[in-house]
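So the structure is just underneath, and the comments pick up after that.
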Amino acid sequence: MLRYIAQRLVQAAVIVAIVATITFALIHLAPGDPFSAVMDNPDVSETVRQTMRAQYGFDRPLPEQFVRYVSSLAHGQLGWSFSHERPVREVLGSALPNTLLLMGVALLGSFAFGILIALIQVSRRGSVTDHVLSALSLFFFSMPDFWLAILAFLTFTYWLPIFPSGGAVDPVMHEYLGLGGRIVDRLRHLALPALTLILLASAVVARYQRAALLDVLPADYIRTARLKGLTEPEILRRHALRNALLPIITLVGLSFPALLTGTFFVEKIFAWPGMGYAVVLAIGTRDYPLVVGGVIIGSILVTLGSLLSDVLYALADPRLRR
Amino acid sequence: MPWQTQDFAASAPTPVRESPLALAVRRILRKPSSRVAFFVLGVIVLVGLLAPLLAPYNPSAQPDIVRLKDLPPSLAHPFGTDQYSRDVLSRVIYGARLSLMIGVLATIVSLTLGVAYGAIAGYAGGILDAVMMRVLDAFLSIPRLLLLIGALVAWPRLSIGALVVFLGLTGWFGLSRIVRGQVLALKHAEFVTAAQALGASRRRILWRHLLPNIVSPIVVAATLGVAHVIVLEAGLSYLGIGVQPPLASWGNIINDGADQPAALWWMSLFPGLFMVLTVMTLNILGEALRDAYERR
């Protein structure tokens, strides 16, 4: 078991190294300077440009730049954000907790909701309910993240103004609220972005889990349970669901990339001050180091997610426990 | 229902040998949901193809940027106008053309790469296979949208051709893994051994004997792949790094209205509806194809 975890850790490190190489290649294959936002200004003279290139080390030979880049990454340095005039690490570091909160809530919510939908479908397989829920989950599965977020934004902050329109807290009132008020304020701001993500992600979970449950149902132990005289709901809950939960652990890892992508759009639309919002704003200001830093951190998150789900799988499956 | 298939085959007059694809298409069109999907997708594709005939206005014409801008839907402009007084319906129609074209072309690029990479890895085996698969793992663990953002942000004012290449270059990882698995499974099949015994070269075995047998997963991946590319392109255009203005794509139109989504709701709603319909029908057809193949 320990050996397996060690192997997966090495694999994860290799993946992050490859990601770093790809991002380095992307920056240096691109035309122009890596800090075009400053360089595009025609008033900047050639001497200043040269000085800046030298300051940031862009005048060195590529292999040297690559080694410097990798070593600074290994030290946790992600470069300098031109638009925030702060290290990228600080910008992303202060945004990351908000993203993790949103993703965590969405992950828990979508798995709970998705598994529930799948259970309802399987307990009435072939019925109208099953078909309607299948159609709905296909609908939300096909829905582009950003479009659903825009619709949710329009509907619940503008036409039916139930929720605040953006941010993580009320910009004016939050400071004046008591502890209870602050918590309520935070929850009110969290609700709509989280619900949007949950709706998007639970469609995936429900489709996957329905298939997993249907795979399990023909198994011998289900037949045994049925012959033993258990009722159908009991069979589903005690025998089928527990066995069909195993593939769900894999799905946690697999759903991380999609969830992260969804978070980027949802953060943009609801102005949620997380990593995705920072990166999307940085696209507008062409702050490459910040965008690339976000890409690297996002990939690390995804790698960690799949690492975690593989290890959990190995722990949960008695057949793999040695 | 296998007995129906047998029945049908028995009653068919002199069956010309049917390709697996034709068989699958015939099979999925028996399902009402796929028939509807096929019809809707056909209409959207036609709209895209006939865009110049169907669009009531020139999609980039700005007839009167003072009096005709930001108009809500009306008879003259069923989908309203945008902040440059352009007709949103015409833009959505031309957007269908561009979004579908990008989807198909990028998928062709990914199919080519994915099949080649997977087939080589699976057929070669050994260390080459192992190394190729580890590299693939790395690519697979970067979310595609992030990879594209990282790539595209450095290339301002990207041409459509380059966008297609980028979308294609980031879309083959999953498929190549499937192809490799299939090639591995078929590598020692009897018909391959027979071909080897007859003296066929490795290349001939790969192209003439192995690949035709793995067409089905490729077709499924292609259908779902087009849907995925359409969503990605829309997302990137929405972020302002995909299709560049004044060209219209669905994501791009939504981005034009993104500054004031509440006031210009028609600019988010209508292109989005077309996008969802297209993606959903492609997903329905892709899954129906998968079911049809798996039942064989």
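Each chain of the structure tokens is named A, B, ... in the order shown, its residues numbered from 1; ligands are numbered from 1 in display order.
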Practice task
For chain B, work out the contacting residues on chain A at 8 Å, counting only C-alpha atoms, and write them as a VMD selection string.
Solution key: chain A and resid 14 to 16 18 to 19 23 26 to 27 30 to 31 34 138 to 139 142 to 144 146 to 147 150 to 151 154 158 257 to 258 260 to 261 280 283 to 284 286 288 291 to 292 295 298 to 299 302 to 303
For those residues, write C-alpha atoms to a file as a short mmCIF file (atom, residue, chain, number, x, y, z; two decimals), in the first residue's frame.
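The resulting file, selection-v2.cif, is shown below:
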data_model
loop_
_atom_site.label_atom_id
_atom_site.label_comp_id
_atom_site.auth_asym_id
_atom_site.auth_seq_id
_atom_site.Cartn_x
_atom_site.Cartn_y
_atom_site.Cartn_z
CA VAL A 14 6.51 13.86 -13.06
CA ILE A 15 3.16 15.20 -14.25
CA VAL A 16 3.75 18.56 -12.58
CA ILE A 18 5.76 18.07 -17.58
CA VAL A 19 3.12 20.73 -16.99
CA THR A 23 3.84 26.16 -19.86
CA LEU A 26 3.98 27.97 -24.47
CA ILE A 27 5.29 31.27 -23.14
CA ALA A 30 4.53 32.82 -28.40
CA PRO A 31 5.38 35.91 -30.40
CA PRO A 34 6.23 37.65 -22.09
CA LEU A 138 -28.39 14.97 -20.30
CA PHE A 139 -29.67 18.55 -20.66
CA SER A 142 -24.79 19.41 -22.37
CA MET A 143 -25.13 22.87 -20.87
CA PRO A 144 -22.00 25.01 -21.23
CA PHE A 146 -20.80 29.74 -18.44
CA TRP A 147 -24.22 29.85 -20.06
CA ILE A 150 -25.34 33.58 -16.87
CA LEU A 151 -28.92 32.27 -16.81
CA LEU A 154 -30.01 36.80 -14.71
CA TYR A 158 -32.04 40.44 -11.66
CA PRO A 257 -10.89 18.94 -14.16
CA ALA A 258 -14.51 19.62 -15.13
CA LEU A 260 -12.25 23.36 -11.89
CA THR A 261 -13.23 24.51 -15.38
CA VAL A 280 -9.88 35.51 -16.05
CA ILE A 283 -6.46 37.35 -19.40
CA GLY A 284 -8.00 40.78 -19.94
CA ARG A 286 -2.60 40.12 -20.45
CA TYR A 288 0.86 36.18 -18.46
CA VAL A 291 -2.43 33.27 -16.03
CA VAL A 292 0.36 30.72 -16.27
CA VAL A 295 -2.72 27.06 -15.03
CA GLY A 298 -4.97 24.31 -11.42
CA SER A 299 -3.06 21.35 -12.83
CA VAL A 302 -6.25 18.21 -10.52
CA THR A 303 -3.23 15.95 -10.06
#
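With only C-alpha atoms taken into account, the protein and nucleic acid residues at most 8 Å from region 76-83 of chain A (excluding it and anything under 6 positions from it in its own chain) are Phe35, Arg89, Val91, Ala282, Thr285, Asp287, Tyr288, Pro289, Leu290 and Gly293 of chain A.
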Practice task
Tell me, as a list in words, which residues lie within 10 Å of Pro78 (chain B), counting only C-alpha atoms; anything in the same chain fewer than 3 positions away does not count.
Solution key: Leu71, Pro72, Pro73, Ser74, Leu75, Thr81, Asp87, Val88, Leu89, Ser90, Trp266 and Phe270 of chain B
Keeping only C-alpha atoms, write the selected residues to a file as a PDB file, in the first residue's frame.
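Dumped everything to result09.pdb:
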ATOM      1  CA  LEU B  71     -32.800  46.930 -29.447  1.00  0.00           C
ATOM      2  CA  PRO B  72     -34.793  44.178 -27.720  1.00  0.00           C
ATOM      3  CA  PRO B  73     -36.285  41.417 -29.915  1.00  0.00           C
ATOM      4  CA  SER B  74     -38.911  42.683 -32.371  1.00  0.00           C
ATOM      5  CA  LEU B  75     -40.330  41.623 -35.735  1.00  0.00           C
ATOM      6  CA  THR B  81     -29.539  43.985 -31.938  1.00  0.00           C
ATOM      7  CA  ASP B  87     -28.612  42.046 -36.039  1.00  0.00           C
ATOM      8  CA  VAL B  88     -28.174  39.268 -33.470  1.00  0.00           C
ATOM      9  CA  LEU B  89     -30.204  36.687 -35.464  1.00  0.00           C
ATOM     10  CA  SER B  90     -27.872  37.082 -38.446  1.00  0.00           C
ATOM     11  CA  TRP B 266     -31.226  38.530 -25.679  1.00  0.00           C
ATOM     12  CA  PHE B 270     -30.436  33.115 -28.103  1.00  0.00           C
TER      13      PHE B 270
END
Exercise for the section: From region 73-297 of chain A, collect each residue whose DSSP state is alpha helix (DSSP H) and return the set as a PyMOL selection string. Expected result: chain A and resi 73-74+88-123+128-142+145-153+179-216+220-227+232-234+241-269+275-285+288-297
Practice task
Take CA of Val205 (chain A) and CA of Arg125 (chain A) and report the distance between them in Å, one decimal.
Solution key: 17.0 Å
